[in-house]
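Just work06.txt here, compact mmCIF, C-alpha atoms and all ligand atoms:
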# COMPACT_ATOMS: atom_id res chain seq x y z
CA MET A 1228 -49.95 9.56 44.20
CA LYS A 1229 -49.27 11.91 47.12
CA THR A 1230 -47.69 15.24 46.12
CA ASP A 1231 -48.26 17.36 49.24
CA VAL A 1232 -44.68 18.58 49.59
CA SER A 1233 -44.59 19.70 45.95
CA ARG A 1234 -47.86 21.56 46.49
CA ILE A 1235 -46.61 23.37 49.59
CA LEU A 1236 -43.36 24.33 47.84
CA PHE A 1237 -45.29 25.54 44.79
CA ASP A 1238 -47.56 27.73 46.94
CA LYS A 1239 -44.48 29.34 48.49
CA ALA A 1240 -42.69 29.66 45.16
CA ARG A 1241 -45.63 31.34 43.42
CA ASN A 1242 -45.44 34.17 45.89
CA LEU A 1243 -41.73 34.74 45.28
CA ILE A 1244 -40.97 33.70 41.71
CA PRO A 1245 -43.23 34.63 38.74
CA GLY A 1246 -45.47 31.61 38.22
CA GLY A 1247 -43.43 29.77 40.83
CA VAL A 1248 -40.88 28.72 38.21
CA ASN A 1249 -37.64 29.91 36.65
CA SER A 1250 -38.62 28.79 33.15
CA PRO A 1251 -42.25 28.98 31.98
CA VAL A 1252 -43.15 25.52 30.59
CA ARG A 1253 -42.08 23.90 33.87
CA ALA A 1254 -45.17 25.35 35.53
CA CYS A 1255 -47.26 22.68 33.72
CA ARG A 1256 -50.08 25.21 33.16
CA SER A 1257 -51.09 24.11 29.67
CA VAL A 1258 -51.64 20.54 30.84
CA GLY A 1259 -53.72 21.59 33.84
CA ALA A 1260 -51.27 20.31 36.43
CA ASP A 1261 -49.04 21.74 39.13
CA PRO A 1262 -45.30 21.18 38.79
CA LEU A 1263 -43.52 18.49 40.75
CA PHE A 1264 -40.56 19.67 42.80
CA ILE A 1265 -37.68 17.32 42.15
CA SER A 1266 -35.38 16.37 45.00
CA LYS A 1267 -32.98 13.99 43.26
CA ALA A 1268 -32.38 12.00 40.11
CA SER A 1269 -30.38 8.93 39.21
CA GLY A 1270 -30.04 7.02 35.94
CA SER A 1271 -33.39 6.99 34.11
CA ARG A 1272 -35.31 8.03 37.23
CA ILE A 1273 -36.22 11.23 38.96
CA PHE A 1274 -37.70 11.55 42.45
CA ASP A 1275 -40.05 14.28 43.62
CA ALA A 1276 -40.04 15.99 47.00
CA ASP A 1277 -42.70 13.55 48.24
CA GLY A 1278 -40.45 10.60 47.44
CA ASN A 1279 -42.33 9.38 44.34
CA SER A 1280 -40.19 7.91 41.57
CA TYR A 1281 -40.68 8.44 37.82
CA ILE A 1282 -39.10 7.19 34.61
CA ASP A 1283 -37.84 10.44 33.13
CA TYR A 1284 -38.15 11.32 29.43
CA VAL A 1285 -37.41 15.02 29.90
CA GLY A 1286 -33.75 14.57 30.84
CA SER A 1287 -33.55 18.18 32.04
CA TRP A 1288 -34.85 19.13 28.55
CA GLY A 1289 -32.03 17.37 26.76
CA PRO A 1290 -28.67 17.47 28.53
CA MET A 1291 -28.88 14.15 30.39
CA ILE A 1292 -28.00 11.80 27.54
CA LEU A 1293 -26.10 9.57 29.99
CA GLY A 1294 -28.96 9.54 32.45
CA HIS A 1295 -28.86 11.42 35.74
CA ASN A 1296 -25.89 11.50 38.06
CA HIS A 1297 -23.63 9.46 35.80
CA PRO A 1298 -20.68 8.36 38.00
CA GLU A 1299 -17.98 9.55 35.57
CA VAL A 1300 -19.57 12.98 35.26
CA VAL A 1301 -20.08 13.29 39.01
CA ASP A 1302 -16.43 12.31 39.60
CA ALA A 1303 -15.21 14.86 37.06
CA ILE A 1304 -17.20 17.64 38.71
CA ARG A 1305 -16.06 16.56 42.19
CA ASN A 1306 -12.41 16.51 41.15
CA ALA A 1307 -12.68 19.93 39.54
CA LEU A 1308 -14.51 21.27 42.59
CA GLU A 1309 -11.57 20.44 44.88
CA ASN A 1310 -9.52 23.03 42.97
CA GLY A 1311 -11.97 25.93 43.08
CA THR A 1312 -15.27 26.80 41.46
CA SER A 1313 -14.43 29.76 39.22
CA PHE A 1314 -11.29 31.59 38.16
CA GLY A 1315 -12.34 34.11 35.50
CA ALA A 1316 -9.10 33.17 33.77
CA PRO A 1317 -8.32 30.51 31.19
CA CYS A 1318 -8.14 26.92 32.44
CA GLU A 1319 -7.07 23.65 30.87
CA PHE A 1320 -10.62 22.19 30.78
CA GLU A 1321 -11.67 24.85 28.26
CA VAL A 1322 -9.00 23.77 25.84
CA GLU A 1323 -9.90 20.15 26.38
CA LEU A 1324 -13.60 20.73 25.74
CA ALA A 1325 -12.96 22.93 22.69
CA SER A 1326 -10.67 20.33 21.24
CA LEU A 1327 -13.14 17.48 21.86
CA VAL A 1328 -16.00 19.48 20.36
CA SER A 1329 -14.13 20.45 17.22
CA GLU A 1330 -12.91 16.89 16.77
CA ILE A 1331 -16.49 15.57 17.00
CA VAL A 1332 -17.99 18.38 14.88
CA PRO A 1333 -15.46 19.14 12.13
CA SER A 1334 -17.26 22.29 10.88
CA LEU A 1335 -16.23 23.95 14.16
CA GLU A 1336 -12.84 25.27 13.19
CA MET A 1337 -13.10 27.58 16.20
CA VAL A 1338 -15.52 27.62 19.09
CA ARG A 1339 -16.42 30.04 21.89
CA MET A 1340 -17.92 28.78 25.17
CA VAL A 1341 -20.84 30.62 26.77
CA ASN A 1342 -23.29 29.73 29.55
CA SER A 1343 -26.51 28.81 27.75
CA GLY A 1344 -28.06 28.03 24.40
CA THR A 1345 -29.66 31.47 24.40
CA GLU A 1346 -26.26 33.13 24.63
CA ALA A 1347 -24.91 30.92 21.86
CA THR A 1348 -27.63 31.78 19.32
CA MET A 1349 -27.75 35.44 20.33
CA SER A 1350 -24.00 35.74 19.81
CA ALA A 1351 -24.08 33.78 16.55
CA ILE A 1352 -26.53 36.15 14.89
CA ARG A 1353 -24.62 39.20 16.11
CA LEU A 1354 -21.60 37.67 14.43
CA ALA A 1355 -23.54 36.83 11.26
CA ARG A 1356 -24.78 40.41 11.06
CA ALA A 1357 -21.28 41.77 11.53
CA TYR A 1358 -19.74 39.40 9.01
CA THR A 1359 -22.28 40.05 6.26
CA GLY A 1360 -22.96 43.70 7.07
CA ARG A 1361 -26.67 42.86 6.82
CA GLU A 1362 -29.47 42.96 9.38
CA ARG A 1363 -32.27 40.60 8.44
CA VAL A 1364 -32.59 37.16 10.03
CA ILE A 1365 -34.76 34.34 8.72
CA LYS A 1366 -36.05 31.63 11.06
CA PHE A 1367 -38.85 29.07 10.95
CA ASP A 1368 -42.25 29.00 12.64
CA GLY A 1369 -42.15 26.80 15.73
CA CYS A 1370 -38.35 26.82 15.98
CA TYR A 1371 -37.00 28.08 19.29
CA HIS A 1372 -33.59 29.65 19.47
CA GLY A 1373 -33.55 30.86 23.06
CA HIS A 1374 -35.23 33.99 24.38
CA ALA A 1375 -33.08 36.76 22.86
CA ASP A 1376 -35.08 39.65 21.35
CA SER A 1377 -34.51 38.72 17.72
CA PHE A 1378 -35.88 35.20 18.10
CA LEU A 1379 -39.21 35.72 19.85
CA VAL A 1380 -41.17 35.58 16.62
CA GLU A 1381 -43.23 32.40 16.13
CA ALA A 1382 -40.93 30.91 18.72
CA GLY A 1383 -42.26 27.43 19.39
CA SER A 1384 -43.07 25.48 22.51
CA GLY A 1385 -42.76 27.87 25.45
CA VAL A 1386 -44.54 30.67 23.70
CA ALA A 1387 -47.02 28.39 21.89
CA THR A 1388 -47.84 26.44 25.03
CA LEU A 1389 -48.79 29.60 26.87
CA ASN A 1390 -50.61 31.01 23.88
CA ILE A 1391 -48.88 34.41 24.10
CA SER A 1392 -47.59 36.39 21.15
CA GLY A 1393 -44.05 36.31 22.47
CA THR A 1394 -42.98 39.80 21.55
CA PRO A 1395 -44.05 42.31 24.25
CA GLY A 1396 -40.90 44.09 25.40
CA VAL A 1397 -39.12 43.46 22.13
CA PRO A 1398 -38.49 46.68 20.17
CA LYS A 1399 -40.48 46.63 16.94
CA CYS A 1400 -37.43 47.65 14.97
CA LEU A 1401 -35.78 44.40 16.04
CA SER A 1402 -38.66 41.98 15.57
CA GLU A 1403 -39.28 43.50 12.14
CA LEU A 1404 -35.85 42.31 11.11
CA THR A 1405 -36.76 38.70 11.91
CA MET A 1406 -38.82 36.92 9.30
CA SER A 1407 -40.36 33.57 10.09
CA VAL A 1408 -41.30 31.01 7.47
CA SER A 1409 -43.07 27.66 7.70
CA TYR A 1410 -40.66 24.77 8.47
CA ASN A 1411 -39.88 22.53 5.50
CA ASP A 1412 -41.30 25.13 3.10
CA SER A 1413 -38.50 25.62 0.58
CA GLU A 1414 -40.77 27.42 -1.84
CA SER A 1415 -41.56 30.23 0.62
CA ILE A 1416 -37.86 30.63 1.40
CA GLN A 1417 -37.12 30.85 -2.31
CA LYS A 1418 -39.72 33.62 -2.75
CA LEU A 1419 -38.57 35.50 0.34
CA MET A 1420 -34.92 35.37 -0.72
CA GLU A 1421 -35.86 36.63 -4.18
CA THR A 1422 -37.24 39.78 -2.54
CA VAL A 1423 -34.94 40.42 0.45
CA GLY A 1424 -32.09 37.90 -0.05
CA LYS A 1425 -29.41 40.58 -0.36
CA GLU A 1426 -30.39 41.99 3.06
CA VAL A 1427 -30.35 38.63 4.84
CA ALA A 1428 -27.49 38.04 7.27
CA CYS A 1429 -28.43 34.47 8.05
CA ILE A 1430 -30.96 31.71 8.00
CA ILE A 1431 -31.07 29.98 11.38
CA VAL A 1432 -32.73 26.60 11.72
CA GLU A 1433 -33.17 23.69 14.09
CA PRO A 1434 -31.95 21.00 11.68
CA VAL A 1435 -34.34 18.60 13.38
CA ALA A 1436 -37.02 20.68 15.06
CA GLY A 1437 -37.66 19.81 18.69
CA ASN A 1438 -39.43 22.84 20.09
CA MET A 1439 -42.78 22.27 18.37
CA GLY A 1440 -42.68 18.58 19.21
CA LEU A 1441 -40.38 16.53 17.00
CA VAL A 1442 -40.53 17.59 13.35
CA LYS A 1443 -38.06 16.12 10.89
CA PRO A 1444 -36.56 18.00 7.96
CA LEU A 1445 -38.04 16.69 4.71
CA PRO A 1446 -35.51 15.21 2.30
CA GLY A 1447 -33.77 18.05 0.48
CA PHE A 1448 -34.86 20.82 2.85
CA LEU A 1449 -31.52 21.31 4.62
CA GLU A 1450 -29.65 20.92 1.32
CA PHE A 1451 -31.87 23.65 -0.11
CA LEU A 1452 -31.05 25.99 2.79
CA ARG A 1453 -27.34 25.36 2.26
CA LYS A 1454 -27.66 26.18 -1.45
CA ILE A 1455 -29.84 29.28 -1.20
CA THR A 1456 -27.74 30.88 1.56
CA GLU A 1457 -24.62 30.44 -0.57
CA GLU A 1458 -26.41 31.88 -3.56
CA TYR A 1459 -27.35 35.07 -1.69
CA GLY A 1460 -24.22 35.44 0.43
CA ALA A 1461 -26.08 34.80 3.69
CA LEU A 1462 -24.79 32.52 6.44
CA LEU A 1463 -26.43 29.25 7.36
CA ILE A 1464 -26.63 28.75 11.13
CA PHE A 1465 -27.57 25.35 12.52
CA ASP A 1466 -29.01 25.70 16.00
CA GLU A 1467 -27.89 22.34 17.35
CA VAL A 1468 -28.52 23.22 20.98
CA MET A 1469 -30.91 20.27 21.13
CA THR A 1470 -29.73 18.08 18.24
CA GLY A 1471 -25.99 18.42 18.93
CA PHE A 1472 -24.53 15.16 20.30
CA ARG A 1473 -28.15 13.93 20.34
CA VAL A 1474 -29.33 12.85 16.87
CA ALA A 1475 -25.82 11.54 16.14
CA LEU A 1476 -22.44 12.00 17.79
CA GLY A 1477 -21.67 14.84 15.37
CA GLY A 1478 -25.23 16.19 15.54
CA ALA A 1479 -27.66 16.80 12.70
CA GLN A 1480 -24.90 18.14 10.46
CA GLN A 1481 -23.28 14.74 10.57
CA ARG A 1482 -26.53 12.82 10.23
CA TYR A 1483 -27.67 14.81 7.17
CA ASN A 1484 -24.19 15.60 5.90
CA ILE A 1485 -24.55 19.39 5.64
CA LYS A 1486 -21.84 21.86 6.59
CA PRO A 1487 -23.29 25.04 8.12
CA ASP A 1488 -21.22 28.22 8.43
CA LEU A 1489 -21.92 28.54 12.15
CA SER A 1490 -23.43 26.17 14.70
CA CYS A 1491 -24.81 26.64 18.20
CA PHE A 1492 -24.65 24.14 21.02
CA GLY A 1493 -25.97 23.82 24.54
CA LYS A 1494 -27.62 21.14 26.67
CA ILE A 1495 -25.50 17.96 26.24
CA ILE A 1496 -22.27 19.94 25.79
CA GLY A 1497 -22.42 20.88 29.49
CA GLY A 1498 -23.30 17.44 30.82
CA GLY A 1499 -26.02 18.96 33.01
CA LEU A 1500 -24.15 22.13 33.96
CA PRO A 1501 -24.79 25.49 32.28
CA VAL A 1502 -22.79 25.56 29.04
CA GLY A 1503 -23.44 26.81 25.54
CA ALA A 1504 -21.10 27.18 22.60
CA TYR A 1505 -21.05 28.65 19.13
CA GLY A 1506 -18.52 28.11 16.45
CA GLY A 1507 -17.76 27.46 12.83
CA ARG A 1508 -15.64 28.87 10.03
CA ARG A 1509 -12.31 30.30 11.15
CA ASP A 1510 -12.65 33.43 9.01
CA ILE A 1511 -15.99 34.23 10.66
CA MET A 1512 -15.03 33.31 14.23
CA GLY A 1513 -11.91 35.46 13.84
CA MET A 1514 -14.16 38.52 13.99
CA ILE A 1515 -14.91 37.96 17.67
CA ALA A 1516 -13.16 40.07 20.33
CA PRO A 1517 -10.34 40.19 21.30
CA VAL A 1518 -9.13 39.18 17.81
CA GLY A 1519 -11.86 41.07 16.00
CA SER A 1520 -14.34 43.76 16.92
CA VAL A 1521 -17.54 41.79 17.56
CA TYR A 1522 -17.98 41.95 21.32
CA GLN A 1523 -19.12 38.96 23.35
CA ALA A 1524 -18.00 38.07 26.88
CA GLY A 1525 -18.96 36.20 30.05
CA THR A 1526 -17.89 36.31 33.69
CA LEU A 1527 -18.51 32.59 34.17
CA SER A 1528 -17.82 31.44 30.60
CA GLY A 1529 -15.50 28.44 30.52
CA ASN A 1530 -16.28 27.71 34.15
CA PRO A 1531 -14.07 24.81 35.33
CA LEU A 1532 -16.89 22.69 36.82
CA ALA A 1533 -19.05 23.11 33.73
CA MET A 1534 -16.16 22.39 31.37
CA ALA A 1535 -15.20 19.29 33.37
CA ALA A 1536 -18.79 17.98 33.20
CA GLY A 1537 -18.85 18.59 29.44
CA VAL A 1538 -15.53 16.86 28.88
CA ALA A 1539 -16.60 13.82 30.94
CA THR A 1540 -19.90 13.59 29.05
CA LEU A 1541 -18.38 13.86 25.58
CA LYS A 1542 -15.78 11.22 26.45
CA GLN A 1543 -18.59 8.79 27.35
CA ILE A 1544 -20.71 9.38 24.25
CA LYS A 1545 -17.70 8.82 22.00
CA SER A 1546 -17.54 5.16 22.97
CA PRO A 1547 -18.22 2.80 20.04
CA GLY A 1548 -21.81 1.63 19.63
CA PHE A 1549 -23.19 4.28 22.00
CA TYR A 1550 -25.56 5.86 19.46
CA GLU A 1551 -26.66 2.58 17.87
CA LYS A 1552 -27.81 1.27 21.25
CA LEU A 1553 -29.52 4.52 22.16
CA GLU A 1554 -31.43 4.65 18.89
CA LYS A 1555 -32.53 1.06 19.33
CA THR A 1556 -33.96 1.85 22.77
CA THR A 1557 -35.74 4.87 21.31
CA SER A 1558 -37.20 2.97 18.37
CA SER A 1559 -38.62 0.29 20.68
CA LEU A 1560 -40.24 3.03 22.77
CA VAL A 1561 -41.76 4.82 19.76
CA ASP A 1562 -42.86 1.58 18.07
CA GLY A 1563 -44.48 0.52 21.33
CA LEU A 1564 -46.31 3.84 21.78
CA LYS A 1565 -47.55 3.76 18.19
CA ALA A 1566 -48.82 0.21 18.61
CA VAL A 1567 -50.78 0.88 21.80
CA ALA A 1568 -52.28 4.08 20.34
CA LYS A 1569 -53.36 2.16 17.25
CA ASP A 1570 -54.93 -0.56 19.43
CA ALA A 1571 -56.82 2.11 21.37
CA GLY A 1572 -58.02 3.67 18.10
CA ILE A 1573 -56.37 7.02 18.88
CA PRO A 1574 -54.81 8.89 15.94
CA VAL A 1575 -51.20 9.54 16.81
CA PHE A 1576 -48.21 10.68 14.77
CA ALA A 1577 -45.05 9.51 16.52
CA ASP A 1578 -41.48 9.56 15.28
CA TYR A 1579 -37.86 9.73 16.42
CA VAL A 1580 -34.41 10.78 15.24
CA GLY A 1581 -31.60 9.25 17.23
CA SER A 1582 -32.77 9.46 20.84
CA MET A 1583 -35.10 12.42 20.32
CA PHE A 1584 -38.77 11.48 19.97
CA GLY A 1585 -42.21 13.01 19.68
CA MET A 1586 -45.83 11.94 19.74
CA PHE A 1587 -48.57 14.20 18.39
CA PHE A 1588 -52.20 13.46 19.05
CA THR A 1589 -53.14 13.94 15.42
CA GLU A 1590 -53.24 11.83 12.28
CA GLY A 1591 -50.23 13.60 10.74
CA PRO A 1592 -47.99 13.76 8.90
CA VAL A 1593 -46.50 16.67 10.87
CA ASN A 1594 -44.01 18.64 8.78
CA SER A 1595 -44.60 22.12 10.15
CA PHE A 1596 -45.83 24.05 13.16
CA ALA A 1597 -49.22 24.47 11.47
CA ASP A 1598 -49.47 20.66 11.22
CA ALA A 1599 -48.36 20.28 14.85
CA LYS A 1600 -51.07 22.67 16.01
CA LYS A 1601 -53.75 20.32 14.66
CA SER A 1602 -53.00 18.07 17.66
CA ASP A 1603 -55.67 17.40 20.26
CA THR A 1604 -53.99 19.21 23.14
CA ASP A 1605 -56.81 18.36 25.58
CA LEU A 1606 -56.21 14.69 24.97
CA PHE A 1607 -52.48 15.25 25.37
CA SER A 1608 -53.07 17.01 28.70
CA ARG A 1609 -55.05 14.08 30.03
CA PHE A 1610 -52.40 11.69 28.74
CA TYR A 1611 -49.68 13.73 30.43
CA ARG A 1612 -51.43 13.87 33.80
CA GLU A 1613 -52.35 10.19 33.90
CA MET A 1614 -48.87 9.12 32.77
CA ARG A 1615 -47.31 11.25 35.49
CA ASP A 1616 -49.66 9.86 38.11
CA SER A 1617 -48.57 6.41 36.94
CA GLY A 1618 -44.84 7.14 37.29
CA ILE A 1619 -43.90 8.28 33.77
CA TYR A 1620 -42.48 11.80 33.52
CA LEU A 1621 -43.03 13.43 30.11
CA ALA A 1622 -42.54 17.03 29.02
CA PRO A 1623 -45.66 18.98 30.04
CA SER A 1624 -46.47 20.18 26.53
CA GLN A 1625 -47.60 18.66 23.27
CA PHE A 1626 -45.00 20.86 21.61
CA GLU A 1627 -41.84 19.43 23.17
CA ALA A 1628 -39.61 16.57 22.13
CA GLY A 1629 -38.82 13.73 24.53
CA PHE A 1630 -35.41 12.22 25.22
CA VAL A 1631 -34.13 8.74 25.89
CA SER A 1632 -30.83 8.30 27.74
CA SER A 1633 -28.29 5.50 27.81
CA ALA A 1634 -29.54 4.75 31.33
CA HIS A 1635 -33.02 3.75 30.08
CA THR A 1636 -33.35 -0.02 30.21
CA GLU A 1637 -35.54 -2.44 28.26
CA GLU A 1638 -37.65 -2.78 31.43
CA ASP A 1639 -38.11 1.00 31.56
CA ILE A 1640 -39.38 0.97 27.98
CA LYS A 1641 -41.63 -2.01 28.57
CA LEU A 1642 -43.13 -0.43 31.68
CA THR A 1643 -43.63 2.87 29.85
CA VAL A 1644 -45.45 1.26 26.93
CA GLU A 1645 -47.63 -0.87 29.24
CA THR A 1646 -48.50 2.22 31.25
CA ALA A 1647 -49.35 4.15 28.07
CA LYS A 1648 -51.64 1.32 27.01
CA LYS A 1649 -53.61 1.49 30.26
CA VAL A 1650 -53.70 5.28 30.24
CA LEU A 1651 -54.87 5.55 26.63
CA ALA A 1652 -57.67 3.07 27.34
CA ARG A 1653 -58.78 5.27 30.26
CA ILE A 1654 -58.70 8.65 28.57
CA ILE A 1655 -60.63 8.06 25.35
C1 LIG A 1701 -32.99 24.82 24.55
C2 LIG A 1701 -32.75 25.47 23.26
C3 LIG A 1701 -32.20 26.77 23.18
C4 LIG A 1701 -31.98 27.62 24.39
O1 LIG A 1701 -31.02 27.11 25.25
P1 LIG A 1701 -31.02 27.62 26.79
O2 LIG A 1701 -29.82 26.94 27.36
O3 LIG A 1701 -32.30 27.20 27.37
O4 LIG A 1701 -30.86 29.09 26.74
C5 LIG A 1701 -31.89 27.27 21.93
N1 LIG A 1701 -32.11 26.55 20.82
C6 LIG A 1701 -32.65 25.31 20.85
C7 LIG A 1701 -32.84 24.56 19.59
C8 LIG A 1701 -33.00 24.74 22.07
O5 LIG A 1701 -33.57 23.53 22.10

Spell out the structure here as structure tokens.
Amino acid sequence: MKTDVSRILFDKARNLIPGGVNSPVRACRSVGADPLFISKASGSRIFDADGNSYIDYVGSWGPMILGHNHPEVVDAIRNALENGTSFGAPCEFEVELASLVSEIVPSLEMVRMVNSGTEATMSAIRLARAYTGRERVIKFDGCYHGHADSFLVEAGSGVATLNISGTPGVPKCLSELTMSVSYNDSESIQKLMETVGKEVACIIVEPVAGNMGLVKPLPGFLEFLRKITEEYGALLIFDEVMTGFRVALGGAQQRYNIKPDLSCFGKIIGGGLPVGAYGGRRDIMGMIAPVGSVYQAGTLSGNPLAMAAGVATLKQIKSPGFYEKLEKTTSSLVDGLKAVAKDAGIPVFADYVGSMFGMFFTEGPVNSFADAKKSDTDLFSRFYREMRDSGIYLAPSQFEAGFVSSAHTEEDIKLTVETAKKVLARII
């Protein structure tokens, strides 16, 4: 596969942008490849600057649940565009999106729009700290909650992939307030809460983890977090930036039937444009300025183009049968990958929730970041490179989830599984 144009662009970019990229994992360093520069995308396919076409399972890292360039979303953005790109004043789209979101996710009695998942989680913990009058935050190893100072402790894929500690530049007094515990380890949480529970503002969790590869919550784990936070007067924050509108229409909180105090969204909520949101209980959200004294603002927050894209996307995913079909496509992909790995005699632990999937090159089961790190990352790297050279675009890290969109066809899945079969036979 010829990738000359990508290589030339990357050489230029490296001189101008740190690592040649505006977000680290994109550089493909851990898998020993150079990034592809993408020139366009449509449906389940993306096209690089050299004109090669790939079946895409990254989906811009989650947002593209309808596939790329969905006509309804494109129309909505185009129509909004005709009326101006930014007002810095309230617009009708914001009300429409807020109302759709709180209808789909009933725990969101009120919601505030921001521009990224990072902003959503960062603002949510500020609010949790203000509401409880406490400073400590508990998170889980391998969970990523954006790159705000308080979260760069055992922060999952990006940091893990690059093998850096993740905290240079973060004041010690802040990182000391963040405690990180092994995912699915209720016992450790119990012990930790017994010692510092009264100082804990919130426990924040990816209700299905997707930033250390796909790791499911064990039965009872999320229920336990709900119970223990109530017991100690701490807030439970679901970071649904990835799982929201992904693992079910109403996100993980619907799928597992848990009501968090606050939730964070991003990715799908913006339909491919930069949007994040946080929301939850009315009494807590009422503390945000201008009603309350917790400050949080944004020049481009509630941007009309972004809101229009979000509204158009949420309207599509609400259609009956949407999630059933999507999950069926995903299960045939994961079943197919498992089968060809088994035939090749390669130990693989693959799983999915809704249209989020993961495949670890290890026997499994994988219930924590420590389990995930047992994966053969060299084998994954070879798998990644050969798949990409054969027209299948996966996330360039063993510690990322993959995504199926409603644009992926049965033929796409069949071709992907056949390609994986050939590639696995070559790389062992
Ligand atoms: C992607 C992600 C974020 C960060 O969102 P950005 O829009 O990249 O800032 C936060 N939390 C989770 C769970 C994510 O997957």

Nearest to Lys1545 (chain A) by atom-to-atom distance, counting all atoms listed in the file, from A:Tyr1483, A:Phe1610, A:Phe1314, A:Phe1472: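 Closest to Lys1545 (chain A), using all atoms listed in the file: A:Phe1472.
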
Distance criterion (all atoms listed in the file): nearest to Pro1444 (chain A) out of A:Ser1269, A:Asn1411, A:Thr1646, A:Thr1470: A:Asn1411

Test item: residues no farther than 7 Å from ligand LIG 1701 (chain A), counting all atoms listed in the file, as a compact mmCIF listing (two decimals) with C-alpha atoms, keeping the file's coordinate frame:
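Contents of the output file part_30.txt:
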# COMPACT_ATOMS: atom_id res chain seq x y z
CA SER A 1343 -26.51 28.81 27.75
CA GLY A 1344 -28.06 28.03 24.40
CA THR A 1345 -29.66 31.47 24.40
CA GLU A 1346 -26.26 33.13 24.63
CA THR A 1348 -27.63 31.78 19.32
CA CYS A 1370 -38.35 26.82 15.98
CA TYR A 1371 -37.00 28.08 19.29
CA HIS A 1372 -33.59 29.65 19.47
CA GLY A 1373 -33.55 30.86 23.06
CA HIS A 1374 -35.23 33.99 24.38
CA GLU A 1433 -33.17 23.69 14.09
CA GLY A 1437 -37.66 19.81 18.69
CA ASN A 1438 -39.43 22.84 20.09
CA ASP A 1466 -29.01 25.70 16.00
CA GLU A 1467 -27.89 22.34 17.35
CA VAL A 1468 -28.52 23.22 20.98
CA MET A 1469 -30.91 20.27 21.13
CA GLY A 1493 -25.97 23.82 24.54
CA LYS A 1494 -27.62 21.14 26.67
CA GLY A 1503 -23.44 26.81 25.54

Long-range neighbours of Ser1409 (chain A) as a VMD selection string, 10 Å cut-off, all atoms listed in the file, 4 positions minimum in chain: chain A and resid 1366 to 1370 1381 1413 to 1416 1594 to 1597

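The shortest atom-to-atom distance to Gly1499 (chain A), with all atoms listed in the file taken into account, belongs to A:Val1300 out of A:Ile1455, A:Val1300, A:Val1593, A:Val1322.
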
Within 6 Å of file point (-44.1, 4.4, 26.9), counting only C-alpha atoms, expressed as number ranges by chain: A: 1560, 1564, 1640, 1643-1644, 1647

Minimum-distance residue to Cys1318 (chain A), chosen among A:Ala1375, A:Ala1535, A:Ala1303, A:Ala1428 (using only C-alpha atoms):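 Among the listed residues, the smallest separation from Cys1318 (chain A) belongs to A:Ala1535.
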
Straight-line distance linking CA of Ile1331 (chain A) with CA of Val1580 (chain A), stated in Å to one decimal: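 Between CA of Ile1331 (chain A) and CA of Val1580 (chain A) the gap is 18.6 Å.
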
Ser1602 (chain A) environment, 9 Å, all atoms listed in the file, sequence neighbours closer than 5 positions dropped, as a ChimeraX atom specification: /A:1575,1587-1591,1607,1625

For the residues selected in the previous step, produce a file with C-alpha atoms as a PDB file, keeping the file's coordinate frame.
ATOM      1  CA  VAL A1575     -51.200   9.540  16.810  1.00  0.00           C
ATOM      2  CA  PHE A1587     -48.570  14.200  18.390  1.00  0.00           C
ATOM      3  CA  PHE A1588     -52.200  13.460  19.050  1.00  0.00           C
ATOM      4  CA  THR A1589     -53.140  13.940  15.420  1.00  0.00           C
ATOM      5  CA  GLU A1590     -53.240  11.830  12.280  1.00  0.00           C
ATOM      6  CA  GLY A1591     -50.230  13.600  10.740  1.00  0.00           C
ATOM      7  CA  PHE A1607     -52.480  15.250  25.370  1.00  0.00           C
ATOM      8  CA  GLN A1625     -47.600  18.660  23.270  1.00  0.00           C
TER       9      GLN A1625
END

Option closest in space to Ala1634 (chain A), from A:Leu1445, A:Ile1244, A:Ala1268, A:Met1337 [counting all atoms listed in the file]: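 Of all the options, A:Ala1268 lies closest to Ala1634 (chain A).
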
Atom pair CA of Ile1273 (chain A) / CA of Glu1645 (chain A): separation (Å):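 Separation of CA of Ile1273 (chain A) and CA of Glu1645 (chain A): 19.3 Å.
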
Shell of 8 Å around Val1521 (chain A), all atoms listed in the file, local chain residues under 5 positions omitted, as a ChimeraX atom specification: /A:1353-1354,1357,1514-1516

So that I can check the surroundings of His1297 (chain A), please list as a short mmCIF file (atom, residue, chain, number, x, y, z; two decimals) with C-alpha atoms, in the frame of the given file every protein, DNA and RNA residue that reaches within 10 Å of it, counting all atoms listed in the file and ignoring chain neighbours fewer than 6 positions away.
data_model
loop_
_atom_site.label_atom_id
_atom_site.label_comp_id
_atom_site.auth_asym_id
_atom_site.auth_seq_id
_atom_site.Cartn_x
_atom_site.Cartn_y
_atom_site.Cartn_z
CA SER A 1269 -30.38 8.93 39.21
CA GLY A 1270 -30.04 7.02 35.94
CA MET A 1291 -28.88 14.15 30.39
CA GLY A 1498 -23.30 17.44 30.82
CA ALA A 1539 -16.60 13.82 30.94
CA THR A 1540 -19.90 13.59 29.05
CA GLN A 1543 -18.59 8.79 27.35
CA ALA A 1634 -29.54 4.75 31.33
#

12 Å contact set for Asp1277 (chain A), only C-alpha atoms, chain neighbours under 4 positions out, as a PyMOL selection string: chain A and resi 1228-1236+1263-1267+1273+1281

Selected residue, from A:Leu1404, A:Lys1649, A:Ile1430, A:Lys1601, that lies nearest to Ala1571 (chain A) when counting all atoms listed in the file: A:Lys1649

Point-to-point distance in Å for CA of Ser1608 (chain A) and CA of Ile1573 (chain A): 14.4 Å
